[in-house]
file my_file.cif (mmCIF, C-alpha atoms)
data_start
#
loop_
_atom_site.label_atom_id
_atom_site.label_comp_id
_atom_site.auth_asym_id
_atom_site.auth_seq_id
_atom_site.Cartn_x
_atom_site.Cartn_y
_atom_site.Cartn_z
CA MET D 1051 -43.84 154.29 69.70
CA LEU D 1052 -41.25 154.05 72.44
CA ALA D 1053 -37.94 155.74 71.75
CA SER D 1054 -34.81 153.70 72.28
CA GLU D 1055 -31.88 154.77 74.38
CA ILE D 1056 -28.91 155.24 72.07
CA TYR D 1057 -25.34 154.97 73.36
CA TYR D 1058 -22.26 155.98 71.42
CA PRO D 1059 -19.24 154.25 72.97
CA ALA D 1060 -15.96 155.98 72.05
CA ASN D 1061 -13.86 152.83 71.96
CA VAL D 1062 -14.07 149.07 72.36
CA ALA D 1063 -13.21 149.16 76.08
CA GLU D 1064 -16.14 151.49 76.69
CA LEU D 1065 -18.35 149.35 74.49
CA LEU D 1066 -17.49 146.17 76.42
CA ASP D 1067 -18.21 147.95 79.68
CA LEU D 1068 -21.60 149.08 78.35
CA MET D 1069 -22.35 145.54 77.13
CA ARG D 1070 -21.60 144.23 80.63
CA ARG D 1071 -23.79 146.83 82.32
CA ARG D 1072 -26.61 146.66 79.77
CA PRO D 1073 -26.82 143.02 78.67
CA GLU D 1074 -30.10 143.56 76.81
CA ALA D 1075 -28.71 146.34 74.61
CA ALA D 1076 -28.36 145.56 70.90
CA LEU D 1077 -25.27 146.34 68.87
CA TYR D 1078 -26.00 148.51 65.84
CA ALA D 1079 -23.57 149.12 62.97
CA GLY D 1080 -25.08 149.01 59.47
CA GLY D 1081 -28.50 148.05 60.76
CA THR D 1082 -29.58 146.82 57.34
CA GLU D 1083 -30.80 143.47 58.62
CA ILE D 1084 -33.04 145.21 61.17
CA LEU D 1085 -34.53 147.93 58.97
CA ARG D 1086 -34.79 146.07 55.67
CA THR D 1087 -37.42 143.82 57.22
CA GLN D 1088 -39.58 146.77 58.33
CA SER D 1089 -41.55 148.98 55.98
CA GLU D 1090 -43.52 150.97 58.56
CA PRO D 1091 -42.75 154.70 58.81
CA TYR D 1092 -41.11 154.31 62.22
CA ALA D 1093 -38.28 151.91 62.85
CA ARG D 1094 -38.83 149.28 65.52
CA LEU D 1095 -35.59 149.12 67.45
CA PRO D 1096 -34.52 147.37 70.63
CA ARG D 1097 -35.03 149.33 73.87
CA GLU D 1098 -31.31 150.05 74.19
CA VAL D 1099 -28.94 150.40 71.26
CA LEU D 1100 -25.15 150.60 71.22
CA CYS D 1101 -24.10 152.40 68.05
CA ILE D 1102 -20.75 150.92 67.01
CA ALA D 1103 -20.56 151.93 63.34
CA GLY D 1104 -17.80 154.47 63.82
CA LEU D 1105 -15.55 152.67 66.32
CA PRO D 1106 -12.04 152.93 64.84
CA GLU D 1107 -10.90 149.59 66.29
CA LEU D 1108 -13.74 147.81 64.48
CA ARG D 1109 -13.01 149.52 61.18
CA GLN D 1110 -9.47 148.33 60.56
CA VAL D 1111 -8.25 146.02 57.84
CA LEU D 1112 -4.94 144.19 58.15
CA LEU D 1113 -3.56 142.43 55.09
CA THR D 1114 -0.68 139.95 55.34
CA GLU D 1115 0.58 137.33 52.92
CA ARG D 1116 -1.33 134.56 54.68
CA PHE D 1117 -4.56 136.20 55.77
CA VAL D 1118 -6.68 139.32 55.82
CA GLU D 1119 -8.21 140.59 59.06
CA ILE D 1120 -11.37 142.61 58.65
CA GLY D 1121 -12.89 144.70 61.44
CA ALA D 1122 -16.51 143.90 62.20
CA ALA D 1123 -17.73 147.40 61.27
CA VAL D 1124 -16.04 147.38 57.86
CA THR D 1125 -18.77 147.60 55.25
CA MET D 1126 -19.32 145.19 52.41
CA ALA D 1127 -18.62 147.97 49.89
CA GLU D 1128 -15.29 148.71 51.58
CA MET D 1129 -14.36 145.03 51.41
CA LEU D 1130 -15.04 144.93 47.68
CA GLU D 1131 -12.83 147.99 47.25
CA LEU D 1132 -9.82 146.25 48.82
CA ARG D 1133 -7.42 145.09 46.16
CA GLU D 1134 -8.50 141.92 44.42
CA SER D 1135 -6.05 139.57 46.11
CA ALA D 1136 -7.13 140.77 49.57
CA VAL D 1137 -10.57 139.20 49.44
CA PRO D 1138 -10.93 135.54 48.42
CA GLU D 1139 -13.10 135.14 45.34
CA LEU D 1140 -15.66 133.04 47.22
CA LEU D 1141 -16.17 135.81 49.77
CA ALA D 1142 -16.34 138.49 47.06
CA LEU D 1143 -19.07 136.50 45.31
CA ALA D 1144 -21.00 136.28 48.57
CA ILE D 1145 -20.74 140.02 49.14
CA LYS D 1146 -21.91 140.83 45.62
CA GLY D 1147 -25.06 138.82 46.32
CA ILE D 1148 -26.08 141.15 49.15
CA GLY D 1149 -28.79 143.68 48.30
CA ASN D 1150 -27.52 146.44 46.02
CA PRO D 1151 -24.39 148.64 46.14
CA ALA D 1152 -26.09 151.26 48.33
CA VAL D 1153 -27.15 148.66 50.88
CA ARG D 1154 -23.64 147.18 50.76
CA SER D 1155 -22.24 150.59 51.71
CA LEU D 1156 -24.08 150.28 55.05
CA ALA D 1157 -24.04 146.53 55.73
CA THR D 1158 -21.08 145.31 57.78
CA VAL D 1159 -19.30 141.99 57.98
CA GLY D 1160 -20.02 141.79 61.71
CA GLY D 1161 -23.74 142.25 61.20
CA ASN D 1162 -23.74 139.70 58.42
CA LEU D 1163 -22.16 137.07 60.66
CA ALA D 1164 -23.58 137.83 64.08
CA SER D 1165 -27.14 139.08 63.60
CA GLY D 1166 -28.33 135.82 65.02
CA GLY D 1167 -31.75 135.27 63.45
CA ARG D 1168 -30.53 133.39 60.40
CA PHE D 1169 -27.37 132.72 58.45
CA MET D 1170 -26.71 135.43 55.93
CA ASP D 1171 -24.69 135.63 52.76
CA CYS D 1172 -21.14 135.55 54.08
CA TRP D 1173 -21.32 132.60 56.46
CA PRO D 1174 -21.16 129.75 53.91
CA ALA D 1175 -18.16 131.34 52.15
CA LEU D 1176 -16.35 132.09 55.41
CA ALA D 1177 -17.12 128.59 56.71
CA CYS D 1178 -15.61 127.05 53.57
CA LEU D 1179 -12.57 129.30 53.91
CA ASP D 1180 -12.17 128.28 57.58
CA ALA D 1181 -12.27 131.91 58.70
CA MET D 1182 -11.72 132.72 62.37
CA ALA D 1183 -13.61 135.33 64.36
CA GLU D 1184 -12.30 137.30 67.32
CA ILE D 1185 -14.95 137.29 70.03
CA ARG D 1186 -14.66 139.67 72.94
CA ASP D 1187 -16.38 140.43 76.19
CA SER D 1188 -15.33 142.27 79.32
CA GLN D 1189 -13.52 139.09 80.52
CA GLY D 1190 -11.21 138.80 77.53
CA MET D 1191 -11.03 137.65 73.95
CA GLN D 1192 -10.78 134.42 71.98
CA TRP D 1193 -10.54 133.32 68.37
CA VAL D 1194 -13.17 130.84 67.22
CA ASN D 1195 -13.79 129.21 63.86
CA VAL D 1196 -16.91 130.67 62.22
CA ASN D 1197 -18.16 127.10 61.79
CA ARG D 1198 -18.87 127.20 65.51
CA PHE D 1199 -21.58 129.80 64.90
CA ALA D 1200 -23.74 126.88 63.77
CA ALA D 1201 -25.14 124.65 66.54
CA ALA D 1202 -25.20 120.85 66.21
CA ASP D 1203 -28.75 121.02 64.82
CA GLY D 1204 -27.66 123.64 62.25
CA SER D 1205 -29.37 126.63 63.89
CA PRO D 1206 -27.47 129.93 64.29
CA ASP D 1207 -25.54 129.99 67.53
CA PHE D 1208 -23.58 133.20 67.86
CA PRO D 1209 -22.50 133.54 71.53
CA LYS D 1210 -24.87 135.89 73.37
CA GLY D 1211 -23.54 139.02 75.01
CA LYS D 1212 -20.28 138.92 73.07
CA LEU D 1213 -18.74 141.27 70.56
CA LEU D 1214 -17.53 140.06 67.19
CA ALA D 1215 -14.50 142.33 66.80
CA ARG D 1216 -12.89 141.11 63.57
CA VAL D 1217 -12.74 138.23 61.15
CA ARG D 1218 -9.52 136.59 59.95
CA VAL D 1219 -9.80 135.04 56.50
CA PRO D 1220 -6.97 132.79 55.27
CA LEU D 1221 -5.68 133.70 51.80
CA GLU D 1222 -5.12 130.28 50.27
CA ARG D 1223 -5.04 129.00 46.75
CA TRP D 1224 -8.23 127.20 45.68
CA ASP D 1225 -8.52 125.35 42.40
CA PHE D 1226 -12.26 125.47 42.38
CA GLY D 1227 -14.79 127.65 44.11
CA ALA D 1228 -18.43 128.43 43.46
CA LEU D 1229 -21.20 130.25 45.27
CA ARG D 1230 -24.90 130.42 44.52
CA LYS D 1231 -27.70 132.26 46.26
CA VAL D 1232 -31.17 130.82 45.96
CA GLY D 1233 -34.54 132.32 46.85
CA ALA D 1234 -35.50 135.96 47.24
CA LYS D 1235 -32.48 138.26 47.12
CA ASP D 1236 -33.80 141.57 48.42
CA TYR D 1237 -36.09 140.25 51.12
CA PRO D 1238 -34.62 137.15 52.77
CA SER D 1239 -37.31 134.52 53.30
CA ARG D 1240 -37.49 130.89 54.41
CA GLN D 1241 -36.50 129.96 50.87
CA THR D 1242 -33.37 132.13 50.81
CA ALA D 1243 -30.07 130.36 51.27
CA VAL D 1244 -26.48 130.47 50.07
CA PHE D 1245 -24.46 127.51 48.81
CA ALA D 1246 -20.66 127.59 48.71
CA VAL D 1247 -18.10 125.02 47.66
CA ALA D 1248 -14.31 125.10 47.45
CA ALA D 1249 -11.84 122.42 46.41
CA ARG D 1250 -8.11 121.99 46.01
CA VAL D 1251 -6.47 119.35 43.84
CA GLU D 1252 -2.83 118.26 43.68
CA LYS D 1253 -1.49 115.76 41.18
CA GLY D 1254 -4.96 114.43 40.50
CA ILE D 1255 -5.77 113.95 44.18
CA LEU D 1256 -8.41 115.92 46.02
CA THR D 1257 -6.50 117.53 48.90
CA GLU D 1258 -9.27 119.76 50.26
CA PHE D 1259 -13.02 119.81 49.80
CA ARG D 1260 -15.49 122.04 51.63
CA MET D 1261 -19.17 122.58 51.02
CA ALA D 1262 -21.58 124.68 53.09
CA PHE D 1263 -25.21 125.64 52.65
CA ALA D 1264 -27.03 128.01 54.96
CA GLY D 1265 -30.21 129.98 55.32
CA GLU D 1266 -32.41 129.49 58.36
CA VAL D 1267 -30.19 126.52 59.21
CA ALA D 1268 -26.68 125.56 58.20
CA LEU D 1269 -25.63 122.32 56.56
CA ARG D 1270 -22.03 121.22 56.49
CA LEU D 1271 -21.04 117.55 56.51
CA ARG D 1272 -17.45 117.53 57.76
CA GLU D 1273 -17.34 113.72 57.85
CA VAL D 1274 -18.21 113.45 54.18
CA GLU D 1275 -15.70 116.18 53.30
CA ASN D 1276 -12.96 114.37 55.24
CA ARG D 1277 -13.80 111.10 53.52
CA LEU D 1278 -13.50 112.74 50.11
CA VAL D 1279 -10.10 114.25 50.82
CA GLY D 1280 -7.32 112.03 49.51
CA ARG D 1281 -9.40 110.43 46.77
CA ARG D 1282 -8.05 110.29 43.26
CA LEU D 1283 -10.05 112.23 40.70
CA PRO D 1284 -12.17 111.89 38.70
CA LEU D 1285 -14.84 110.33 40.91
CA ASP D 1286 -17.03 107.87 39.08
CA LEU D 1287 -20.80 108.15 38.89
CA ARG D 1288 -21.39 105.55 41.62
CA GLN D 1289 -19.16 107.41 44.09
CA ARG D 1290 -20.77 110.75 43.30
CA THR D 1291 -24.27 109.34 43.62
CA ALA D 1292 -23.46 107.88 47.03
CA ILE D 1293 -22.08 111.20 48.27
CA ALA D 1294 -25.02 113.16 46.86
CA GLU D 1295 -27.38 110.79 48.67
CA GLU D 1296 -25.69 111.59 51.99
CA TYR D 1297 -26.14 115.31 51.40
CA ARG D 1298 -29.77 114.82 50.34
CA ALA D 1299 -30.46 112.81 53.49
CA ALA D 1300 -28.96 115.59 55.62
CA ALA D 1301 -31.23 118.12 53.90
CA GLU D 1302 -34.45 116.27 54.72
CA GLY D 1303 -35.63 118.96 57.15
CA LEU D 1304 -35.39 121.83 54.64
CA PRO D 1305 -38.48 123.30 52.94
CA SER D 1306 -39.20 121.18 49.85
CA ARG D 1307 -38.21 123.76 47.22
CA LEU D 1308 -34.98 124.56 49.01
CA ARG D 1309 -34.24 120.83 49.39
CA ILE D 1310 -34.59 120.32 45.64
CA GLN D 1311 -32.38 123.33 44.86
CA PHE D 1312 -29.79 122.09 47.34
CA GLY D 1313 -29.77 118.66 45.69
CA THR D 1314 -29.20 120.22 42.27
CA LEU D 1315 -26.36 122.39 43.60
CA VAL D 1316 -24.70 119.39 45.26
CA ASP D 1317 -24.91 117.45 41.99
CA GLY D 1318 -23.36 120.39 40.17
CA ALA D 1319 -20.52 120.70 42.66
CA LEU D 1320 -19.78 116.97 42.57
CA GLU D 1321 -19.79 117.09 38.79
CA ILE D 1322 -16.58 119.11 39.08
CA LEU D 1323 -14.95 116.15 40.79
CA ALA D 1324 -15.77 114.03 37.75
CA ARG D 1325 -13.47 116.00 35.47
CA MET E 501 -32.10 163.18 71.65
CA THR E 502 -30.11 165.91 69.92
CA ILE E 503 -28.40 164.87 66.70
CA SER E 504 -25.81 167.13 65.10
CA PHE E 505 -24.49 166.52 61.63
CA ILE E 506 -23.47 168.31 58.46
CA LEU E 507 -26.29 168.62 55.96
CA ASN E 508 -25.46 169.92 52.50
CA GLY E 509 -22.42 171.71 53.86
CA GLU E 510 -24.08 173.29 56.89
CA ASP E 511 -23.89 172.25 60.53
CA VAL E 512 -27.36 171.30 61.71
CA SER E 513 -28.78 170.04 65.00
CA LEU E 514 -32.20 168.64 65.62
CA ASN E 515 -34.18 167.00 68.34
CA ALA E 516 -35.11 163.59 66.98
CA ARG E 517 -36.53 160.30 68.18
CA SER E 518 -34.43 157.20 67.76
CA TYR E 519 -37.06 155.53 65.58
CA GLU E 520 -37.15 158.29 62.96
CA ARG E 521 -35.68 157.41 59.59
CA LEU E 522 -33.28 159.84 57.96
CA ALA E 523 -35.43 160.00 54.80
CA ASP E 524 -38.43 161.24 56.78
CA VAL E 525 -36.36 163.70 58.77
CA LEU E 526 -34.87 165.19 55.60
CA ARG E 527 -38.28 165.59 53.99
CA GLN E 528 -40.34 166.70 56.98
CA ARG E 529 -37.90 168.70 59.07
CA PHE E 530 -35.67 170.15 56.36
CA GLY E 531 -38.08 170.25 53.41
CA LEU E 532 -35.66 168.35 51.20
CA LEU E 533 -38.23 166.77 48.92
CA GLY E 534 -35.68 165.37 46.47
CA VAL E 535 -35.44 162.49 48.96
CA LYS E 536 -38.40 160.16 48.52
CA ALA E 537 -39.15 157.32 50.91
CA ASP E 538 -40.99 154.72 48.88
CA CYS E 539 -40.08 151.11 49.59
CA ARG E 540 -38.53 151.81 53.02
CA ARG E 541 -36.38 148.74 52.52
CA GLY E 542 -33.38 150.17 50.71
CA VAL E 543 -34.41 148.65 47.42
CA CYS E 544 -35.92 151.31 45.13
CA GLY E 545 -33.12 153.89 45.31
CA LYS E 546 -35.41 156.93 45.50
CA CYS E 547 -34.14 157.95 48.93
CA LEU E 548 -30.42 157.82 48.17
CA VAL E 549 -28.12 160.36 49.79
CA LEU E 550 -24.36 160.63 50.07
CA LEU E 551 -23.21 159.78 53.58
CA ASP E 552 -19.58 160.81 54.01
CA GLY E 553 -19.33 160.65 50.22
CA ARG E 554 -20.80 157.16 49.93
CA LEU E 555 -24.21 156.19 48.68
CA ALA E 556 -26.68 155.33 51.41
CA PRO E 557 -30.39 154.53 51.30
CA SER E 558 -31.74 157.05 53.83
CA CYS E 559 -34.95 155.05 54.34
CA ILE E 560 -33.08 152.30 56.19
CA LEU E 561 -30.88 154.72 58.08
CA PRO E 562 -32.18 155.73 61.49
CA VAL E 563 -31.38 159.36 62.12
CA PHE E 564 -29.16 158.57 65.13
CA ARG E 565 -26.69 156.89 62.76
CA VAL E 566 -25.73 160.20 61.11
CA ARG E 567 -24.51 161.92 64.27
CA GLY E 568 -21.25 163.72 63.46
CA ARG E 569 -21.33 162.70 59.81
CA GLU E 570 -21.89 164.51 56.53
CA VAL E 571 -25.08 164.04 54.54
CA ILE E 572 -25.52 165.41 51.02
CA THR E 573 -28.90 165.26 49.32
CA ILE E 574 -29.63 166.02 45.69
CA GLU E 575 -30.45 169.61 46.70
CA GLY E 576 -26.96 170.09 48.11
CA PHE E 577 -25.28 168.14 45.36
CA ALA E 578 -27.02 170.29 42.73
CA GLN E 579 -24.87 173.22 43.88
CA THR E 580 -21.62 171.51 42.88
CA ASP E 581 -19.54 171.38 39.70
CA GLU E 582 -19.86 167.59 39.78
CA TYR E 583 -23.61 167.93 39.41
CA GLN E 584 -23.13 170.11 36.35
CA ASP E 585 -20.89 167.43 34.82
CA ILE E 586 -23.46 164.73 35.41
CA ALA E 587 -26.52 166.72 34.37
CA GLY E 588 -24.63 167.87 31.27
CA GLY E 589 -23.49 164.33 30.49
CA PHE E 590 -27.02 162.98 30.85
CA SER E 591 -28.23 165.74 28.56
CA ASP E 592 -25.44 165.09 26.02
CA ALA E 593 -26.53 161.44 25.86
CA HIS E 594 -30.21 162.42 25.62
CA LEU E 595 -30.96 160.36 28.71
CA GLU E 596 -34.59 160.49 29.69
CA THR E 597 -35.59 159.33 33.15
CA CYS E 598 -38.98 159.07 34.75
CA GLY E 599 -38.37 161.68 37.42
CA PHE E 600 -38.75 159.34 40.38
CA CYS E 601 -35.36 157.77 39.85
CA GLU E 602 -33.45 160.72 38.44
CA THR E 603 -31.99 161.93 41.73
CA GLY E 604 -30.87 158.41 42.57
CA LYS E 605 -29.19 157.95 39.20
CA ILE E 606 -27.37 161.25 39.55
CA LEU E 607 -26.09 160.38 43.02
CA VAL E 608 -25.09 156.88 41.94
CA THR E 609 -23.11 158.42 39.08
CA ALA E 610 -21.50 160.90 41.49
CA ALA E 611 -20.39 158.15 43.88
CA LEU E 612 -19.15 156.00 41.00
CA LEU E 613 -17.13 158.77 39.30
CA GLU E 614 -15.60 159.65 42.64
CA ARG E 615 -14.04 156.17 42.75
CA ARG E 616 -13.55 155.48 39.03
CA ALA E 617 -12.80 158.28 36.60
CA ARG E 618 -13.60 156.02 33.62
CA PRO E 619 -15.94 153.26 34.77
CA ALA E 620 -16.44 150.24 32.52
CA PRO E 621 -19.97 149.44 31.29
CA ALA E 622 -20.24 146.51 33.71
CA GLU E 623 -19.26 148.77 36.62
CA ILE E 624 -21.88 151.31 35.58
CA LEU E 625 -24.63 148.71 35.42
CA ASP E 626 -23.54 147.21 38.73
CA ALA E 627 -23.64 150.64 40.39
CA MET E 628 -27.05 151.39 38.86
CA ALA E 629 -28.45 148.29 40.57
CA SER E 630 -28.99 150.66 43.51
CA VAL E 631 -31.74 152.34 41.42
CA PRO E 632 -33.58 149.47 39.77
CA CYS E 633 -36.16 151.70 38.02
CA ARG E 634 -36.69 150.36 34.51
CA CYS E 635 -37.58 153.64 32.86
CA THR E 636 -34.17 153.82 31.19
CA ASP E 637 -32.48 151.61 28.64
CA PRO E 638 -29.21 150.18 30.09
CA GLU E 639 -27.30 151.21 26.95
CA ALA E 640 -28.52 154.77 27.37
CA ILE E 641 -27.46 154.95 31.01
CA ILE E 642 -23.99 153.63 30.10
CA LYS E 643 -23.60 156.33 27.45
CA ALA E 644 -24.88 159.00 29.82
CA VAL E 645 -22.45 158.06 32.61
CA GLN E 646 -19.58 157.92 30.14
CA ALA E 647 -20.56 161.36 28.83
CA ALA E 648 -20.61 162.65 32.41
CA ALA E 649 -17.16 161.11 32.97
CA ASP E 650 -15.89 162.92 29.85
CA ARG E 651 -17.22 166.25 31.06
CA ARG E 652 -15.74 165.70 34.50
CA ALA E 653 -12.35 164.77 33.05
CA ARG E 654 -12.37 167.91 30.84
CA ARG E 655 -13.27 170.14 33.77
CA LEU E 656 -10.56 168.66 36.00
CA TYR E 657 -8.04 168.99 33.15
CA HIS E 658 -8.88 172.66 32.63
CA ARG E 659 -8.77 173.33 36.36
CA ALA E 660 -5.34 171.69 36.59
CA GLY E 661 -4.12 173.91 33.75
CA GLN E 662 -5.17 177.13 35.43
#
call {"tool": "encode", "arguments": {"input": "my_file.cif", "output": "structure tokens"}}
result
Amino acid sequence: MLASEIYYPANVAELLDLMRRRPEAALYAGGTEILRTQSEPYARLPREVLCIAGLPELRQVLLTERFVEIGAAVTMAEMLELRESAVPELLALAIKGIGNPAVRSLATVGGNLASGGRFMDCWPALACLDAMAEIRDSQGMQWVNVNRFAAADGSPDFPKGKLLARVRVPLERWDFGALRKVGAKDYPSRQTAVFAVAARVEKGILTEFRMAFAGEVALRLREVENRLVGRRLPLDLRQRTAIAEEYRAAAEGLPSRLRIQFGTLVDGALEILAR
Amino acid sequence: MTISFILNGEDVSLNARSYERLADVLRQRFGLLGVKADCRRGVCGKCLVLLDGRLAPSCILPVFRVRGREVITIEGFAQTDEYQDIAGGFSDAHLETCGFCETGKILVTAALLERRARPAPAEILDAMASVPCRCTDPEAIIKAVQAAADRRARRLYHRAGQ
């Protein structure tokens, strides 16, 4: 077993410098995604590791009336301990679906969004909430919508060699929100995915509708969502069936069991629009 | 690589490899056998420790992650008044555990009571999801944690009065 080289940057500037000089090094905060998939006595880690769990700049939470900003190294347990109005219900539901409370005290929001191999629990909720992520490298920083972490074909596409520093989640009123996790909970598999939906209604008209589903790949049909916005509720059966068919067609590439579960969840979400 | 941290109230340093898990280091280097590494995936709750006062599954924690931090195992926690509250509360409620999960349930209760003096039944069951051993009836564990909370409240009340 080859030992890894562990670096402990003291601040983000030092971290970005190390990332520039050691592009192959892996960022390590909670590390739950790496170690929960290994049951051998020794942990298999990348050759070079940048330990960022204790960086103060990545552990801050800023709460305003319009949004909450969460540092990438803030743990899931810490997020659930923020006061209720600071974390949108959809995101809280996603966090509660992660492992168990002890695992949540290690797992971080940054790791959940940027681990790269697959979409994890928080992405569908954050995508529905239109959360923004601050991405940094030694050249500078930019805010990007978390929806951009999904490539056109739905595969995870977190920018390589960049640091996810914090996530900004809008605190908006939603009239309806639901989140369901399907497949194995403790050991993510091909069949594990998370479904999230959020809707806003004003005077009987659907003013916002967002639906995201993600596991190994992400599914979000912005065109369909945009078409739904502005429609008067309730939607009749014919309209709902047509929309559900579009979602089912988009899910053709999913494993069969997941495709069936997705179809059922879409039907359930659209049922809300029939009331 | 030299890792220094606080273990059960004492400053310790050890030469460790990056791939060593904290659970193994605690058992093999420090002889703290109350920590058991079973699933090695953070699921079973037998390896729980308190890391800076928070629950952490030491089997999915590489030892380099605890540099400069405080780790408390059941052996260290057993020296505290809080342990006496919890052990007494479990005894008051006639809670019987299988032995494998007992340390985990005690540490879960410690972390929970640290945040909530009077946790609701749902909060207790949610916290106990970190130790999914089915040796104990959920009703019994709720009563036991509530009894521990009572003892803790009485002790803190008496201490405040002194």
call {"tool": "atom_distance", "arguments": {"input": "my_file.cif", "atom1": "CA of Cys559 (chain E)", "atom2": "CA of Cys635 (chain E)"}}
result
21.7 Å
call {"tool": "interface_residues", "arguments": {"input": "my_file.cif", "of": "chain E", "to": "chain D", "cutoff": "8 Å", "atoms": "all atoms listed in the file", "output": "CSV table (one decimal) with C-alpha atoms, in the coordinates of the input"}}
result
chain,number,residue,atom,x,y,z
E,517,ARG,CA,-36.5,160.3,68.2
E,518,SER,CA,-34.4,157.2,67.8
E,519,TYR,CA,-37.1,155.5,65.6
E,520,GLU,CA,-37.2,158.3,63.0
E,521,ARG,CA,-35.7,157.4,59.6
E,539,CYS,CA,-40.1,151.1,49.6
E,540,ARG,CA,-38.5,151.8,53.0
E,541,ARG,CA,-36.4,148.7,52.5
E,542,GLY,CA,-33.4,150.2,50.7
E,543,VAL,CA,-34.4,148.6,47.4
E,548,LEU,CA,-30.4,157.8,48.2
E,554,ARG,CA,-20.8,157.2,49.9
E,555,LEU,CA,-24.2,156.2,48.7
E,556,ALA,CA,-26.7,155.3,51.4
E,557,PRO,CA,-30.4,154.5,51.3
E,560,ILE,CA,-33.1,152.3,56.2
E,561,LEU,CA,-30.9,154.7,58.1
E,562,PRO,CA,-32.2,155.7,61.5
E,564,PHE,CA,-29.2,158.6,65.1
E,565,ARG,CA,-26.7,156.9,62.8
E,626,ASP,CA,-23.5,147.2,38.7
E,627,ALA,CA,-23.6,150.6,40.4
E,629,ALA,CA,-28.4,148.3,40.6
E,630,SER,CA,-29.0,150.7,43.5
call {"tool": "atom_distance", "arguments": {"input": "my_file.cif", "atom1": "CA of Arg1072 (chain D)", "atom2": "CA of Leu1213 (chain D)"}}
result
13.3 Å
call {"tool": "resolve_selection", "arguments": {"input": "my_file.cif", "expression": "the PyMOL selection byres ((chain E and resi 569) around 12)", "output": "PyMOL selection string"}}
result
(chain D and resi 1103-1104) or (chain E and resi 503-513+550-554+563-568+570-572)
call {"tool": "residues_around", "arguments": {"input": "my_file.cif", "residues": "region 592-598 of chain E", "least_positions_apart": "5", "cutoff": "12 Å", "atoms": "all atoms listed in the file", "output": "count of residues only"}}
result
29
call {"tool": "atom_distance", "arguments": {"input": "my_file.cif", "atom1": "CA of Gly531 (chain E)", "atom2": "CA of Leu1100 (chain D)"}}
result
29.5 Å
call {"tool": "residues_near_point", "arguments": {"input": "my_file.cif", "point": "(-19.2, 126.6, 49.4)", "cutoff": "7 Å", "atoms": "only C-alpha atoms", "output": "PyMOL selection string"}}
result
chain D and resi 1174-1175+1178+1227-1229+1245-1248+1260-1263
call {"tool": "resolve_selection", "arguments": {"input": "my_file.cif", "expression": "the PyMOL selection byres ((chain D and resi 1295) around 12)", "output": "PyMOL selection string"}}
result
chain D and resi 1274+1288-1294+1296-1302+1312-1314+1316-1317+1320
call {"tool": "resolve_selection", "arguments": {"input": "my_file.cif", "expression": "the PyMOL selection byres ((chain E and resi 581) around 12)", "output": "list in words"}}
result
Gly576, Phe577, Ala578, Gln579, Thr580, Glu582, Tyr583, Gln584, Asp585, Ile586, Ala587, Gly588, Ala610, Ala648, Arg651, Arg652, Ala653, Arg654, Arg655, Leu656 and Arg659 of chain E
call {"tool": "write_last_selection", "arguments": {"input": "my_file.cif", "atoms": "C-alpha atoms", "output": "mmCIF file, in the coordinates of the input"}}
result
data_model
loop_
_atom_site.group_PDB
_atom_site.id
_atom_site.type_symbol
_atom_site.label_atom_id
_atom_site.label_comp_id
_atom_site.auth_asym_id
_atom_site.auth_seq_id
_atom_site.Cartn_x
_atom_site.Cartn_y
_atom_site.Cartn_z
ATOM 1 C CA GLY E 576 -26.960 170.090 48.110
ATOM 2 C CA PHE E 577 -25.280 168.140 45.360
ATOM 3 C CA ALA E 578 -27.020 170.290 42.730
ATOM 4 C CA GLN E 579 -24.870 173.220 43.880
ATOM 5 C CA THR E 580 -21.620 171.510 42.880
ATOM 6 C CA GLU E 582 -19.860 167.590 39.780
ATOM 7 C CA TYR E 583 -23.610 167.930 39.410
ATOM 8 C CA GLN E 584 -23.130 170.110 36.350
ATOM 9 C CA ASP E 585 -20.890 167.430 34.820
ATOM 10 C CA ILE E 586 -23.460 164.730 35.410
ATOM 11 C CA ALA E 587 -26.520 166.720 34.370
ATOM 12 C CA GLY E 588 -24.630 167.870 31.270
ATOM 13 C CA ALA E 610 -21.500 160.900 41.490
ATOM 14 C CA ALA E 648 -20.610 162.650 32.410
ATOM 15 C CA ARG E 651 -17.220 166.250 31.060
ATOM 16 C CA ARG E 652 -15.740 165.700 34.500
ATOM 17 C CA ALA E 653 -12.350 164.770 33.050
ATOM 18 C CA ARG E 654 -12.370 167.910 30.840
ATOM 19 C CA ARG E 655 -13.270 170.140 33.770
ATOM 20 C CA LEU E 656 -10.560 168.660 36.000
ATOM 21 C CA ARG E 659 -8.770 173.330 36.360
#
call {"tool": "residues_near_point", "arguments": {"input": "my_file.cif", "point": "(-21.8, 128.1, 66.3)", "cutoff": "7 Å", "atoms": "all atoms listed in the file", "output": "list in words"}}
result
Val1196, Asn1197, Arg1198, Phe1199, Ala1200, Ala1201, Pro1206, Asp1207 and Phe1208 of chain D
call {"tool": "closest_residue", "arguments": {"input": "my_file.cif", "among": "D:Ala1324, D:Leu1176, D:Glu1107, D:Leu1068", "to": "Leu1287 (chain D)", "atoms": "all atoms listed in the file"}}
result
D:Ala1324
call {"tool": "closest_residue", "arguments": {"input": "my_file.cif", "among": "E:Ile574, E:Leu532, E:Ala622, E:Leu514", "to": "Glu602 (chain E)", "atoms": "all atoms listed in the file"}}
result
E:Ile574
call {"tool": "closest_residue", "arguments": {"input": "my_file.cif", "among": "D:Ala1202, D:Val1279, D:Met1170, D:Ile1310", "to": "Thr1242 (chain D)", "atoms": "all atoms listed in the file"}}
result
D:Met1170
